[in-house]
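Peer 1: Have a look at the structure that comes next, please.
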Amino acid sequence: MNPILSRRRFIKAVIASGAAAATHSGISSAVAGGQETAGEKGAVERLMSLTINGRTRRVDILPQETLAFTLRYKLGLTGTKIGCNRGECGACTVLIDDIPNYSCSTLTHSVRERSVLTVEGLQGEDGSLHPVQQAFIDELAPQCGFCTPGQLMAAVGLLKDNPHPSREEARQAMSGNLCRCGAPMAWCLRGSTRVLWRMGA
Amino acid sequence: MASYDVMPDVQLYQPANIDDALNLADRFGRDGWILGGGQDTYGWLKDRAKHPKAMIDLNGIETLSGVRQTDNGIEIGATTTLREIVRNKTINADYQLLALAAGHVASPQIRNAGTLGGNLLQDARCWYYRRGLACYRAGGNICYADSPEGMNREHCVFGASRCVAVSPSDTGTAMVALDATMVVQSIDGERLIPAGSFFKGPNTHITQMTALRPGEVLTAVRIPSAWAGSRFYFEKVADRNVWDFALVSIASAMRIEDGIIKDSRIVCGGVACTPHRLHHVEKALAGKSPGAETADLLAPLASEGSRPLNYNHFKLPLLENLLRRALRG
Ligand SMILES: Cc1cc2nc3c(=O)[nH]c(=O)nc-3n(C[C@H](O)[C@H](O)[C@H](O)COP(=O)(O)OP(=O)(O)OC[C@H]3O[C@@H](n4cnc5c(N)ncnc54)[C@H](O)[C@@H]3O)c2cc1C
Ligand code: FES
Ligand code: FES
């Protein structure tokens, strides 16, 4: 078996079983805290439906839980990265009703009845890459790749809103995503705006 | 002090109408936390620097969102996102100053989530305060920024009183320049507060930035047509164009008839604990014509009365130059 795949599967299985959560004091204390006060009159129900990448699932969500946390640690959708966890880097960017948002700074409870698209949802049903993904590869946009899922989502969000962006519009739309390889933004910005521009043109 | 990935335990309420929200705001008082886009909120909770018991999310209340025409201008709901403001046709046509200011906030993703209400009501960005230190603003009896060792490059040059933090809101300056009115509701009814007296300095309210009281919710902002279509100028200088708060910014509106300035509003950000209106410059401008001559003549007035701290003298020439550019047009 592909070693990378099996490692991923292993991590996901551990997450699903709750074993990983229990080793992280921040996570486990938050989980415990949430249970103590759940059910306060009029407060949100913890069990909710989430629509992610076109699939709706029932999930148990803490009131204070961020979407990045839910995606990565509850649903195993680890393509979404957490860089700064405070709205300052863009690594966690996902689309909510087609609009780019920082999932580290979004409450999961606020996306009930909305549709979330993560990098895992970009590929076609036959497994083919999304044109923006292919273009990032062709343009050698990523270096280490950590910021790439966020950059991809910002780029896809731009093209959904504006299929023919000018260079300046592309720069603007990608400006909420930092790349720490090389000079800030240099590679991904150059790569992805060129990609965007080419795709739009 | 540690920062955590996960927010501590807090209840979340998502009322569907304003009455429920006002009742919750009243019930929780100081333990309640009104939630707009949350972009200024989550950092406080992740850092364990503020400890609300309940968040009251306004986003499910339809009447609080959107831009409406009124008899005398427009009304913008408090949960209207900055993205919507930047893209709104009426705002761009008549009150472009606000669209320009909103477009300079933070980053695209933060503008997509951040609300007008949250932007106007966001808390001070002094890092000592943000780190949860017991400074004056947090109810203590010391200012770490205004001490011999304190880092105060971003702090204020006007109007300090124990606390030296600046008003961080980019839309706040535009609202003061446009003579906007804040519509505030609580279970006791409605209050209308002019933008000019909505923002409070530390001499009157050291632990809060605005006149909003616990239990009150900002429901809308009204902009009168008085300044519609006048000559606007907005410029923000920050270390980076994205994410960073203004070191100094300027928002101005000028009504010009036959080449003569009839009336004006000049408001600066990043220099005082409230949006800082240059009343004396506005007075001096009346009857003059905009252009390089007036700009050079009046620019030095911008820094009059300032009291810079150890590391922020650079804000004074910056302020003067921004005024020069606003007047030169
Ligand atoms: C990395 C980063 C960079 C930033 N850069 C900038 C910048 O350059 N310029 C700038 O202006 N801001 C900046 N901000 C601050 C802020 O996040 C945004 O301004 C945003 O608009 C806040 O809006 P929000 O709706 O998300 O606020 P929230 O976090 O929801 O609310 C902020 C505060 O206002 C209160 N509040 C919100 N709505 C209401 C209401 N209707 N009635 C009563 N109280 C209410 C909340 O209780 C809270 O105390 C930045 C934030 C981050 C994280
Ligand atoms: S992890 Fe969300 S913006 Fe950095
Ligand atoms: S490719 Fe390494 S952070 Fe962008």
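Chain lettering (A, B, ...) mirrors the order of the structure tokens, residue numbering begins at 1 for each chain separately, and ligand numbering begins at 1 in order of display.
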Show me which residues sit within 8 Å of ligand 1 when counting only C-alpha atoms and all ligand atoms, and put them as number ranges by chain.
Peer 2: A: 86-88; B: 33-43, 58, 78-79, 81-82, 102, 104-107, 110-111, 113-123, 168-172, 184, 212, 216-220, 242-246
Peer 1: Need the shell around segment 104-107 of chain A: protein/DNA/RNA residues with any atom at most 6 Å away, counting only C-alpha atoms. Skip same-chain ones fewer than 5 positions apart. Format as a ChimeraX atom specification?
Peer 2: /A:65-68,85
Peer 1: Any chance you can output those residues with N, CA, C and O atoms as a short mmCIF file (atom, residue, chain, number, x, y, z; two decimals), in the first residue's frame?
Peer 2:
data_model
loop_
_atom_site.label_atom_id
_atom_site.label_comp_id
_atom_site.auth_asym_id
_atom_site.auth_seq_id
_atom_site.Cartn_x
_atom_site.Cartn_y
_atom_site.Cartn_z
N GLU A 65 -16.72 25.97 18.74
CA GLU A 65 -15.81 25.27 17.83
C GLU A 65 -15.63 26.02 16.51
O GLU A 65 -16.59 26.49 15.91
N THR A 66 -14.38 26.11 16.04
CA THR A 66 -14.17 26.76 14.74
C THR A 66 -14.29 25.73 13.63
O THR A 66 -14.08 24.53 13.84
N LEU A 67 -14.59 26.24 12.45
CA LEU A 67 -14.76 25.36 11.30
C LEU A 67 -13.45 24.62 10.99
O LEU A 67 -13.46 23.44 10.64
N ALA A 68 -12.32 25.29 11.15
CA ALA A 68 -11.03 24.64 10.88
C ALA A 68 -10.86 23.43 11.79
O ALA A 68 -10.39 22.37 11.37
N ASN A 85 -4.01 30.49 13.09
CA ASN A 85 -5.24 30.31 13.86
C ASN A 85 -5.83 31.63 14.36
O ASN A 85 -6.54 31.66 15.34
#
Peer 1: Name the residues, by chain letter and number, that sit within 9 Å of ligand 2 using only C-alpha atoms and all ligand atoms, and give them as a list in words.
Peer 2: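 If we count only C-alpha atoms and all ligand atoms, the neighbours of ligand 2 turn out to be Ala68, Thr80, Lys81, Ile82, Gly83, Cys84, Asn85, Arg86, Gly87, Glu88, Cys89, Gly90, Ala91, Cys92, Thr93, Asn101, Tyr102, Ser103, Cys104, Ser105, Gly150, Gly176, Asn177 and Leu178 of chain A; Gln109 of chain B.
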Peer 1: Need to verify the contact set: segment 262-273 of chain B, 9 Å, only C-alpha atoms, exclusion of same-chain residues closer than 5 positions in sequence. Can you return it as a ChimeraX atom specification?
Peer 2: /B:124,154-160,163-170,172-174,176-179,199-202,209,236,245-257,278-279,281-283,285-288,315-316,319,323,326
Peer 1: Could you give me, as a PyMOL selection string, every polymer residue with an atom at most 7 Å away from an atom of ligand 3, counting only C-alpha atoms and all ligand atoms?
Peer 2: chain A and resi 142-148+178-181+188
Peer 1: Rounded to one decimal in Å, what is the spacing between atom CA of Lys160 of chain A and atom CA of Glu75 of chain B?
Peer 2: 29.5 Å
Peer 1: Per DSSP on the backbone, what are the strand (DSSP E) residues of segment 24-134 of chain A, as a ChimeraX atom specification?
Peer 2: /A:47-52,55-60,93-96,99-102,115-117
Peer 1: Please provide as JSON, numbers by chain all residues within 9 Å of segment 19-21 of chain B, with the sequence filter that same-chain residues fewer than 2 positions apart are discarded (counting only C-alpha atoms).
Peer 2: {"B": [13, 14, 15, 16, 17, 23, 24, 25, 26, 34, 56, 57, 58, 61, 186, 187, 217]}
Peer 1: Can you tell me, as a ChimeraX atom specification, which residues in segment 30-172 of chain B count as alpha helix (DSSP H) by DSSP?
Peer 2: /B:42-46,82-87,89-94,96-103,108-113,116-121,127-130,170-172
Peer 1: Could you name the residues that touch Val111 of chain A at 10 Å or less, counting only C-alpha atoms, but leaving out those on the same chain fewer than 2 positions away, as a ChimeraX atom specification?
Peer 2: /A:48-52,67,96-97,106-109,113-116
Peer 1: Which residue, A:Ala135, A:Leu75, A:Val59, A:Val94, has the smallest gap to chain B when you use only C-alpha atoms?
Peer 2: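 Between A:Ala135, A:Leu75, A:Val59, A:Val94, the residue approaching chain B most closely is A:Val94.
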Peer 1: I'd like to know which of A:Thr78, A:Ser128, A:Ser110, A:Ser175 is closest to Ile61 of chain A, using only C-alpha atoms.
Peer 2: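 Ranked by minimum distance to Ile61 of chain A, first place goes to A:Ser110.
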Peer 1: For chain B, which residue among A:Leu122, A:Ala141, A:Leu117, A:Leu158 is the nearest when counting only C-alpha atoms?
Peer 2: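 Among the listed residues, A:Leu158 lies closest to chain B.
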Peer 1: So, with only C-alpha atoms as the atoms that count, which of A:Ala170, A:Leu140, A:Val44, A:Leu129 lies closest to chain B?
Peer 2: A:Val44
Peer 1: Taking only C-alpha atoms into account, which of B:Ala238, B:Ile85, B:Ile142, B:Leu22 comes nearest Pro214 of chain B?
Peer 2: B:Leu22
Peer 1: Counting only C-alpha atoms, which residue out of A:Leu47, A:Glu120, A:Lys41, A:Arg167 sits closest to Leu71 of chain A?
Peer 2: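 The answer is A:Glu120, which sits nearest to Leu71 of chain A.
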